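**Q** Pasting a structure here, questions to come.
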Amino acid sequence: APYSENDSQEDPSEGFGPSKLGVRTTVDEPLSASQAIEVLQAGNRRFVQGDVKAGGLGPDMRRALASHGQRPVATVIGCADSRCPVEQLFDARPGDIFVLRNAGNTCTHAEGSMVGSVEYSVLNLETKMILVLGHTGCGAIMAATKLFMERHIEATCQKDAQESTDQSTEVSKSEQPPQPGSCKSRSTLLGLLDALVPVAELACVELGGGSTEEIAAHAVKVNVWRTINFLLSYSLIIREKVASGEVELQGAIYDMSSGAVEFLGQSPKQAQLLNSDANVDIKWLQMKEDIWEGFSR
């Protein structure tokens, strides 16, 4: 449908930027990273204060999204926890945010769907802000921390047993319980938790020890940085966009009790990672970029 500059339906201070058709579509200009952060911060303030503006979409808005595509203001990698609905806590509507969620808001494979989806959002949807959003009380982080603590205690006990003399008895292999990495006990869930164990270990080191709860709480932030660093390390597309200043990659933590989002800014290792030579297949990444461009034609 035709539109004019006077058709803008939304005040930037009240929502997700000016939208010519009442919702964010491809007829709208992309927001800069700084504008996107301001919009997300404003939306979270409304959520905390109970003054939400996002409502349902009328027929015209739904048709606009269906006909004119999407122009989200930011890409957010969040946790699958049902208590942390990304759109609601930023007071957003359909079309406002490109949301990716899994348990632990993590990326564990360079060619996984999370990384590929982030690349799609910056190449095709032109989002300028990528936000990795952790949250307090994360079940995946707590489970990984417990797994780390159990293995740490087990390793300590085994070391003590080896150092003791005259009391070692061997248990036959058939009597030993299956180890975490064995085929019998292996599961996709355990694989996910295994990938998060280094997060708990680093959190423990940074704290100099502590209880399971203390380590898990700190591991939430460690995991946010780890996901950001992974994206910068394994995606040439994202790394080049960030290095050029076209895209920003930042972290945040959602407090489930208060409803507030703490914005952490850029990873402390960003400059180091941008200057490093990651081990990536340049030809394969170029082919992926060509594929993404093909989707927009």
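Here, A, B, ... name the chains of the structure tokens in the order displayed, residue numbers run from 1 inside each chain, and ligands are numbered from 1 in the same displayed order.
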At a cut-off of 7 Å, using only C-alpha atoms, what residues contact Ala216 in chain A? Leave out same-chain residues fewer than 6 positions from it and give the result as a VMD selection string.
**A** chain A and resid 141 to 142 145 200
**Q** Which residues in range 5-168 of chain A does DSSP call strand (DSSP E)? List them as a PyMOL selection string.
**A** chain A and resi 74-79+97-102+129-135
**Q** Hey, which of A:Tyr254, A:Leu131, A:Ser67, A:Ala143 ends up closest to Gln266 in chain A? Count only C-alpha atoms.
**A** A:Leu131
**Q** Give me the residues near Glu126 in chain A as JSON, numbers by chain, where near means some atom within 9 Å (using only C-alpha atoms) and where sequence neighbours in that chain fewer than 3 positions away do not count.
**A** {"A": [30, 31, 71, 72, 73, 74, 120, 121, 122, 123]}
**Q** Compile a residue-level contact table for range 211-275 of chain A against range 95-104 of chain A at a cut-off of 10 Å, reporting for every qualifying residue the shortest atom pair and its distance in Å to one decimal, with only C-alpha atoms counted, rows ordered by chain and ascending number, as a tab-separated table.
**A**
residue	atom	partner	partner_atom	distance
A:Val220	CA	A:Gly104	CA	8.6
A:Asn223	CA	A:Gly104	CA	8.0
A:Val224	CA	A:Gly104	CA	9.1
A:Thr227	CA	A:Gly104	CA	9.7
**Q** At most 9 Å is the cut-off: for each residue in range 99-138 of chain A with any atom that close to an atom of range 33-44 of chain A, write down the nearest atom pair and the distance in Å rounded to one decimal, counting only C-alpha atoms, chain first then increasing number, as a Markdown table.
**A**
| residue | atom | partner | partner_atom | distance |
| --- | --- | --- | --- | --- |
| A:Thr127 | CA | A:Ala33 | CA | 8.1 |
| A:Lys128 | CA | A:Ala33 | CA | 5.0 |
| A:Met129 | CA | A:Ala33 | CA | 4.8 |
| A:Ile130 | CA | A:Ala33 | CA | 8.4 |
| A:Leu131 | CA | A:Ile37 | CA | 8.9 |
**Q** Generate a file of the selected residues that holds N, CA and C atoms, formatted as a PDB file, in the first residue's frame.
**A**
ATOM      1  N   THR A 127      19.869  -5.773  10.865  1.00  0.00           N
ATOM      2  CA  THR A 127      19.927  -5.374  12.270  1.00  0.00           C
ATOM      3  C   THR A 127      21.352  -4.951  12.604  1.00  0.00           C
ATOM      4  N   LYS A 128      21.473  -3.891  13.375  1.00  0.00           N
ATOM      5  CA  LYS A 128      22.780  -3.328  13.713  1.00  0.00           C
ATOM      6  C   LYS A 128      23.198  -3.653  15.150  1.00  0.00           C
ATOM      7  N   MET A 129      22.297  -4.242  15.920  1.00  0.00           N
ATOM      8  CA  MET A 129      22.604  -4.583  17.302  1.00  0.00           C
ATOM      9  C   MET A 129      22.323  -6.061  17.536  1.00  0.00           C
ATOM     10  N   ILE A 130      23.334  -6.788  18.012  1.00  0.00           N
ATOM     11  CA  ILE A 130      23.177  -8.180  18.445  1.00  0.00           C
ATOM     12  C   ILE A 130      23.348  -8.184  19.960  1.00  0.00           C
ATOM     13  N   LEU A 131      22.326  -8.636  20.665  1.00  0.00           N
ATOM     14  CA  LEU A 131      22.355  -8.645  22.125  1.00  0.00           C
ATOM     15  C   LEU A 131      22.261 -10.081  22.630  1.00  0.00           C
TER      16      LEU A 131
END
